[in-house]
Structure formats: C-alpha cells, structure tokens
Amino acid sequence: MNAQPSPLLNKLVANLDIDAFDDVPSGKLVLQNPKTKEPTTTWIELASPEHESRKRIDLARTRKLRAEFAATGKMPASDPLEDHEDETEYLVAACLGWNVARAGQPLDCTPANVRALLTDPKKQWIRQQVRTGINKTELFIADSAKA
C-alpha cells in the first residue's frame with residue numbers, strides 16, 4: 001500500500017498558504033485587441049487600490065460624501081458630466097506608466113497624454129479596458145513564495 005497520498009488527493013485537500021501571495025502597489029494591464037480580444041504587447045501599469053494615488057482620491061470622495069450626507073441627511077445627487085470628469089481624473093491618477101505608441105512612435109506617459117487618450121472619443125475602448133483593469137484584483141496580487 002502506498003503511504004503517500006495521491007497528487008490528486010493532495011490537490012483536492014490543499015490549503016491555501018496566505019503567505020504565498022502579497023498585495024503589490026501596481027499591476028500591469030495588457031491591452032487587448034478591441035476586435036479579437038487577443039492580448040497585445042501594449043501594457044499600462046495601473047496603481048492598486050492601496051497605492052497612494054488612488055487611495056488619496058478614494059478617501060477624499062468618501063469624506064465629501066459623508067460631509068454632504070451629514071449636512072443634508074440625503075445622499076448627494078451629482079451631475080453626470082462631473083461624474084465623467086471625476087472618473088477621468090481617477091483613471092489618470094491610476095495610470096503610472098505604459099509602453100503605448102501612437103503613429104509608430106512611443107508616447108510618453110504623462111498625465112496630459114493619459115487624459116488625452118482616455119478622453120479621445122475614438123479611443124474609448126482603451127478607457128473601458130483601464131476602467132475594467134483597476135477593478136481586477138488579480139492584477140495587484142503577486143506570488144511571494146520563495147523558490
């Protein structure tokens with residue numbers, strides 16, 4: 001009789017070692033071809049929810065909502081245009097770096113260039129991927145197991 005459990009049994013009953021994974025301050029979003037959904041070689045480095053650039057904005061939003069609720073007893077109603085502009089600023093703050101090219105030339109990752117790209121009516125597919133990316137928890141978790 002075999003004293004060792006089978007690999008299948010080990011896999012079925014294996015516990016998750018929480019020390020095998022750590023949150024990281026940023027993650028690399030690989031852009032997908034908007035038609036085929038295939039990954040490309042273009043990436044955008046996104047700030048994690050715990051990164052200072054996003055956390056500062058999240059906490060400020062929470063403080064503002066709480067203050068308005070405390071003052072009026074109602075949840076504030078916001079203007080959709082202001083919501084779009086706030087989201088743009090949040091997405092710009094979340095973009096830390098990239099290897100984006102335009103017309104075959106590298107495009108510097110500056111707040112102005114990020115904002116221009118994310119507000120370009122012909123490039124909303126990029127905005128959508130960035131919006132989805134900042135909510136992908138797995139982008140901001142890395143293996144920490146020692147080899």
# chains A, B, ... in the order shown; residues from 1 in each chain; ligands from 1

$ residues_around --residues "region 46-60 of chain A" --least-positions-apart "3" --cutoff "6 Å" --atoms "only C-alpha atoms" --output "PyMOL selection string"
chain A and resi 25-27+63+93-96+140

$ select_by_dssp --residues "region 76-116 of chain A" --states "helix (DSSP H, G or I)" --output "MDAnalysis selection string"
chainID A and resid 80:94 111:116

$ write_last_selection --atoms "N, CA and C atoms" --output "PDB file, in the first residue's frame"
ATOM      1  N   PRO A  80     -23.962  64.069 -14.177  1.00  0.00           N
ATOM      2  CA  PRO A  80     -23.254  63.034 -14.946  1.00  0.00           C
ATOM      3  C   PRO A  80     -21.970  63.519 -15.604  1.00  0.00           C
ATOM      4  N   LEU A  81     -21.927  64.762 -16.042  1.00  0.00           N
ATOM      5  CA  LEU A  81     -20.707  65.308 -16.638  1.00  0.00           C
ATOM      6  C   LEU A  81     -19.597  65.394 -15.591  1.00  0.00           C
ATOM      7  N   GLU A  82     -19.951  65.836 -14.382  1.00  0.00           N
ATOM      8  CA  GLU A  82     -18.962  65.882 -13.298  1.00  0.00           C
ATOM      9  C   GLU A  82     -18.497  64.470 -12.941  1.00  0.00           C
ATOM     10  N   ASP A  83     -19.412  63.519 -12.954  1.00  0.00           N
ATOM     11  CA  ASP A  83     -19.046  62.131 -12.674  1.00  0.00           C
ATOM     12  C   ASP A  83     -18.034  61.626 -13.699  1.00  0.00           C
ATOM     13  N   HIS A  84     -18.266  61.949 -14.971  1.00  0.00           N
ATOM     14  CA  HIS A  84     -17.353  61.522 -16.035  1.00  0.00           C
ATOM     15  C   HIS A  84     -15.978  62.173 -15.854  1.00  0.00           C
ATOM     16  N   GLU A  85     -15.971  63.459 -15.519  1.00  0.00           N
ATOM     17  CA  GLU A  85     -14.710  64.169 -15.309  1.00  0.00           C
ATOM     18  C   GLU A  85     -13.971  63.621 -14.086  1.00  0.00           C
ATOM     19  N   ASP A  86     -14.718  63.315 -13.007  1.00  0.00           N
ATOM     20  CA  ASP A  86     -14.103  62.722 -11.815  1.00  0.00           C
ATOM     21  C   ASP A  86     -13.509  61.360 -12.142  1.00  0.00           C
ATOM     22  N   GLU A  87     -14.232  60.565 -12.913  1.00  0.00           N
ATOM     23  CA  GLU A  87     -13.723  59.254 -13.294  1.00  0.00           C
ATOM     24  C   GLU A  87     -12.453  59.405 -14.131  1.00  0.00           C
ATOM     25  N   THR A  88     -12.451  60.375 -15.032  1.00  0.00           N
ATOM     26  CA  THR A  88     -11.265  60.611 -15.859  1.00  0.00           C
ATOM     27  C   THR A  88     -10.059  60.919 -14.982  1.00  0.00           C
ATOM     28  N   GLU A  89     -10.225  61.804 -14.017  1.00  0.00           N
ATOM     29  CA  GLU A  89      -9.116  62.159 -13.131  1.00  0.00           C
ATOM     30  C   GLU A  89      -8.639  60.948 -12.332  1.00  0.00           C
ATOM     31  N   TYR A  90      -9.574  60.102 -11.933  1.00  0.00           N
ATOM     32  CA  TYR A  90      -9.234  58.882 -11.192  1.00  0.00           C
ATOM     33  C   TYR A  90      -8.438  57.923 -12.070  1.00  0.00           C
ATOM     34  N   LEU A  91      -8.891  57.739 -13.306  1.00  0.00           N
ATOM     35  CA  LEU A  91      -8.184  56.854 -14.222  1.00  0.00           C
ATOM     36  C   LEU A  91      -6.799  57.398 -14.567  1.00  0.00           C
ATOM     37  N   VAL A  92      -6.687  58.707 -14.726  1.00  0.00           N
ATOM     38  CA  VAL A  92      -5.384  59.326 -14.994  1.00  0.00           C
ATOM     39  C   VAL A  92      -4.443  59.071 -13.811  1.00  0.00           C
ATOM     40  N   ALA A  93      -4.951  59.248 -12.600  1.00  0.00           N
ATOM     41  CA  ALA A  93      -4.124  59.019 -11.409  1.00  0.00           C
ATOM     42  C   ALA A  93      -3.713  57.554 -11.289  1.00  0.00           C
ATOM     43  N   ALA A  94      -4.540  56.657 -11.796  1.00  0.00           N
ATOM     44  CA  ALA A  94      -4.254  55.215 -11.699  1.00  0.00           C
ATOM     45  C   ALA A  94      -3.218  54.753 -12.715  1.00  0.00           C
ATOM     46  N   PRO A 111       0.463  62.792 -17.335  1.00  0.00           N
ATOM     47  CA  PRO A 111      -0.963  62.985 -17.063  1.00  0.00           C
ATOM     48  C   PRO A 111      -1.715  63.597 -18.251  1.00  0.00           C
ATOM     49  N   ALA A 112      -1.084  64.527 -18.948  1.00  0.00           N
ATOM     50  CA  ALA A 112      -1.750  65.161 -20.100  1.00  0.00           C
ATOM     51  C   ALA A 112      -1.987  64.145 -21.218  1.00  0.00           C
ATOM     52  N   ASN A 113      -0.997  63.295 -21.501  1.00  0.00           N
ATOM     53  CA  ASN A 113      -1.170  62.286 -22.551  1.00  0.00           C
ATOM     54  C   ASN A 113      -2.175  61.217 -22.153  1.00  0.00           C
ATOM     55  N   VAL A 114      -2.147  60.822 -20.888  1.00  0.00           N
ATOM     56  CA  VAL A 114      -3.127  59.830 -20.416  1.00  0.00           C
ATOM     57  C   VAL A 114      -4.531  60.407 -20.536  1.00  0.00           C
ATOM     58  N   ARG A 115      -4.718  61.630 -20.072  1.00  0.00           N
ATOM     59  CA  ARG A 115      -6.032  62.287 -20.136  1.00  0.00           C
ATOM     60  C   ARG A 115      -6.501  62.412 -21.588  1.00  0.00           C
ATOM     61  N   ALA A 116      -5.611  62.818 -22.476  1.00  0.00           N
ATOM     62  CA  ALA A 116      -5.978  62.969 -23.887  1.00  0.00           C
ATOM     63  C   ALA A 116      -6.412  61.630 -24.482  1.00  0.00           C
TER      64      ALA A 116
END

$ residues_around --residues "Lys28 (chain A)" --least-positions-apart "4" --cutoff "8 Å" --atoms "only C-alpha atoms" --output "ChimeraX atom specification"
/A:43-46,139

$ write_last_selection --atoms "C-alpha atoms" --output "short mmCIF file (atom, residue, chain, number, x, y, z; two decimals), in the first residue's frame"
data_model
loop_
_atom_site.label_atom_id
_atom_site.label_comp_id
_atom_site.auth_asym_id
_atom_site.auth_seq_id
_atom_site.Cartn_x
_atom_site.Cartn_y
_atom_site.Cartn_z
CA TRP A 43 0.60 47.44 -21.42
CA ILE A 44 -0.39 50.07 -18.88
CA GLU A 45 0.94 49.99 -15.32
CA LEU A 46 -2.01 50.62 -13.00
CA LEU A 139 -3.56 42.38 -11.24
#

$ residues_around --residues "region 16-24 of chain A" --least-positions-apart "5" --cutoff "7 Å" --atoms "only C-alpha atoms" --output "number ranges by chain"
A: 140-145

$ residues_around --residues "region 36-41 of chain A" --least-positions-apart "2" --cutoff "12 Å" --atoms "only C-alpha atoms" --output "PDB file with N, CA and C atoms, in the first residue's frame"
ATOM      1  N   LYS A  28       0.341  45.274 -14.046  1.00  0.00           N
ATOM      2  CA  LYS A  28       0.461  45.542 -15.479  1.00  0.00           C
ATOM      3  C   LYS A  28      -0.785  45.029 -16.197  1.00  0.00           C
ATOM      4  N   LEU A  29      -1.533  45.950 -16.771  1.00  0.00           N
ATOM      5  CA  LEU A  29      -2.695  45.622 -17.590  1.00  0.00           C
ATOM      6  C   LEU A  29      -2.230  45.479 -19.027  1.00  0.00           C
ATOM      7  N   VAL A  30      -2.392  44.304 -19.598  1.00  0.00           N
ATOM      8  CA  VAL A  30      -2.050  44.084 -21.002  1.00  0.00           C
ATOM      9  C   VAL A  30      -3.290  44.426 -21.821  1.00  0.00           C
ATOM     10  N   LEU A  31      -3.147  45.386 -22.717  1.00  0.00           N
ATOM     11  CA  LEU A  31      -4.292  45.775 -23.543  1.00  0.00           C
ATOM     12  C   LEU A  31      -4.627  44.656 -24.518  1.00  0.00           C
ATOM     13  N   GLN A  32      -5.919  44.510 -24.760  1.00  0.00           N
ATOM     14  CA  GLN A  32      -6.407  43.522 -25.714  1.00  0.00           C
ATOM     15  C   GLN A  32      -6.785  44.212 -27.008  1.00  0.00           C
ATOM     16  N   ASN A  33      -6.584  43.492 -28.107  1.00  0.00           N
ATOM     17  CA  ASN A  33      -7.066  43.975 -29.390  1.00  0.00           C
ATOM     18  C   ASN A  33      -8.572  44.159 -29.248  1.00  0.00           C
ATOM     19  N   PRO A  34      -9.109  45.345 -29.550  1.00  0.00           N
ATOM     20  CA  PRO A  34     -10.532  45.591 -29.294  1.00  0.00           C
ATOM     21  C   PRO A  34     -11.478  44.750 -30.153  1.00  0.00           C
ATOM     22  N   TRP A  43       1.032  47.557 -22.805  1.00  0.00           N
ATOM     23  CA  TRP A  43       0.602  47.444 -21.421  1.00  0.00           C
ATOM     24  C   TRP A  43       0.517  48.827 -20.777  1.00  0.00           C
ATOM     25  N   ILE A  44      -0.278  48.869 -19.703  1.00  0.00           N
ATOM     26  CA  ILE A  44      -0.394  50.067 -18.876  1.00  0.00           C
ATOM     27  C   ILE A  44      -0.202  49.628 -17.435  1.00  0.00           C
ATOM     28  N   TRP A  98       3.451  53.208 -19.077  1.00  0.00           N
ATOM     29  CA  TRP A  98       2.959  52.407 -20.192  1.00  0.00           C
ATOM     30  C   TRP A  98       4.018  52.282 -21.268  1.00  0.00           C
ATOM     31  N   ASN A  99       3.711  51.447 -22.246  1.00  0.00           N
ATOM     32  CA  ASN A  99       4.555  51.356 -23.446  1.00  0.00           C
ATOM     33  C   ASN A  99       3.700  51.641 -24.682  1.00  0.00           C
ATOM     34  N   VAL A 100       2.801  52.584 -24.571  1.00  0.00           N
ATOM     35  CA  VAL A 100       1.869  52.954 -25.643  1.00  0.00           C
ATOM     36  C   VAL A 100       2.619  53.687 -26.750  1.00  0.00           C
ATOM     37  N   ALA A 101       2.272  53.348 -27.979  1.00  0.00           N
ATOM     38  CA  ALA A 101       2.827  54.038 -29.144  1.00  0.00           C
ATOM     39  C   ALA A 101       1.677  54.640 -29.945  1.00  0.00           C
ATOM     40  N   TRP A 125     -12.394  52.437 -26.244  1.00  0.00           N
ATOM     41  CA  TRP A 125     -12.101  51.039 -25.939  1.00  0.00           C
ATOM     42  C   TRP A 125     -10.929  50.931 -24.964  1.00  0.00           C
ATOM     43  N   GLN A 129     -11.015  49.413 -21.056  1.00  0.00           N
ATOM     44  CA  GLN A 129     -10.077  48.405 -20.550  1.00  0.00           C
ATOM     45  C   GLN A 129      -9.386  48.887 -19.276  1.00  0.00           C
TER      46      GLN A 129
END

$ closest_residue --among "A:Gln105, A:Thr62, A:Leu118, A:Phe69" --to "Arg131 (chain A)" --atoms "only C-alpha atoms"
A:Leu118

$ select_by_dssp --residues "region 12-90 of chain A" --states "strand (DSSP E or B)" --output "list in words"
Phe21, Asp22, Asp23, Ser26, Gly27, Lys28, Leu29, Val30, Leu31, Gln32, Pro39, Thr40, Thr41, Thr42, Trp43, Ile44, Glu45, Leu46 and Ala47 of chain A

$ atom_distance --atom1 "CA of Arg102 (chain A)" --atom2 "CA of Lys123 (chain A)"
11.8 Å

$ atom_distance --atom1 "CA of Thr110 (chain A)" --atom2 "CA of Gly97 (chain A)"
8.2 Å

$ atom_distance --atom1 "CA of Pro76 (chain A)" --atom2 "CA of Lys64 (chain A)"
9.7 Å

$ decode --residues "region 49-64 of chain A" --atoms "N, CA and C atoms" --output "PDB file, in the first residue's frame"
ATOM      1  N   PRO A  49      -5.519  49.536  -5.542  1.00  0.00           N
ATOM      2  CA  PRO A  49      -6.401  50.305  -4.660  1.00  0.00           C
ATOM      3  C   PRO A  49      -5.675  50.870  -3.441  1.00  0.00           C
ATOM      4  N   GLU A  50      -4.579  50.232  -3.034  1.00  0.00           N
ATOM      5  CA  GLU A  50      -3.820  50.702  -1.873  1.00  0.00           C
ATOM      6  C   GLU A  50      -2.698  51.675  -2.246  1.00  0.00           C
ATOM      7  N   HIS A  51      -2.493  51.889  -3.524  1.00  0.00           N
ATOM      8  CA  HIS A  51      -1.475  52.853  -3.971  1.00  0.00           C
ATOM      9  C   HIS A  51      -1.923  54.253  -3.581  1.00  0.00           C
ATOM     10  N   GLU A  52      -0.978  55.061  -3.155  1.00  0.00           N
ATOM     11  CA  GLU A  52      -1.300  56.403  -2.661  1.00  0.00           C
ATOM     12  C   GLU A  52      -2.107  57.236  -3.657  1.00  0.00           C
ATOM     13  N   SER A  53      -1.821  57.110  -4.947  1.00  0.00           N
ATOM     14  CA  SER A  53      -2.518  57.940  -5.936  1.00  0.00           C
ATOM     15  C   SER A  53      -4.017  57.635  -5.981  1.00  0.00           C
ATOM     16  N   ARG A  54      -4.387  56.363  -5.814  1.00  0.00           N
ATOM     17  CA  ARG A  54      -5.813  56.014  -5.809  1.00  0.00           C
ATOM     18  C   ARG A  54      -6.427  56.168  -4.424  1.00  0.00           C
ATOM     19  N   LYS A  55      -5.699  55.769  -3.421  1.00  0.00           N
ATOM     20  CA  LYS A  55      -6.239  55.808  -2.059  1.00  0.00           C
ATOM     21  C   LYS A  55      -6.600  57.235  -1.642  1.00  0.00           C
ATOM     22  N   ARG A  56      -5.734  58.186  -2.012  1.00  0.00           N
ATOM     23  CA  ARG A  56      -5.983  59.592  -1.676  1.00  0.00           C
ATOM     24  C   ARG A  56      -7.319  60.060  -2.264  1.00  0.00           C
ATOM     25  N   ILE A  57      -7.577  59.717  -3.522  1.00  0.00           N
ATOM     26  CA  ILE A  57      -8.820  60.110  -4.182  1.00  0.00           C
ATOM     27  C   ILE A  57     -10.009  59.392  -3.559  1.00  0.00           C
ATOM     28  N   ASP A  58      -9.871  58.093  -3.298  1.00  0.00           N
ATOM     29  CA  ASP A  58     -10.968  57.331  -2.690  1.00  0.00           C
ATOM     30  C   ASP A  58     -11.354  57.901  -1.328  1.00  0.00           C
ATOM     31  N   LEU A  59     -10.358  58.205  -0.506  1.00  0.00           N
ATOM     32  CA  LEU A  59     -10.653  58.754   0.821  1.00  0.00           C
ATOM     33  C   LEU A  59     -11.276  60.147   0.729  1.00  0.00           C
ATOM     34  N   ALA A  60     -10.817  60.964  -0.196  1.00  0.00           N
ATOM     35  CA  ALA A  60     -11.398  62.301  -0.372  1.00  0.00           C
ATOM     36  C   ALA A  60     -12.857  62.196  -0.811  1.00  0.00           C
ATOM     37  N   ARG A  61     -13.161  61.254  -1.702  1.00  0.00           N
ATOM     38  CA  ARG A  61     -14.548  61.055  -2.141  1.00  0.00           C
ATOM     39  C   ARG A  61     -15.432  60.640  -0.965  1.00  0.00           C
ATOM     40  N   THR A  62     -14.930  59.721  -0.168  1.00  0.00           N
ATOM     41  CA  THR A  62     -15.695  59.243   0.979  1.00  0.00           C
ATOM     42  C   THR A  62     -15.950  60.376   1.964  1.00  0.00           C
ATOM     43  N   ARG A  63     -14.915  61.159   2.243  1.00  0.00           N
ATOM     44  CA  ARG A  63     -15.079  62.295   3.161  1.00  0.00           C
ATOM     45  C   ARG A  63     -16.130  63.278   2.635  1.00  0.00           C
ATOM     46  N   LYS A  64     -16.078  63.568   1.340  1.00  0.00           N
ATOM     47  CA  LYS A  64     -17.019  64.519   0.737  1.00  0.00           C
ATOM     48  C   LYS A  64     -18.455  63.996   0.841  1.00  0.00           C
TER      49      LYS A  64
END
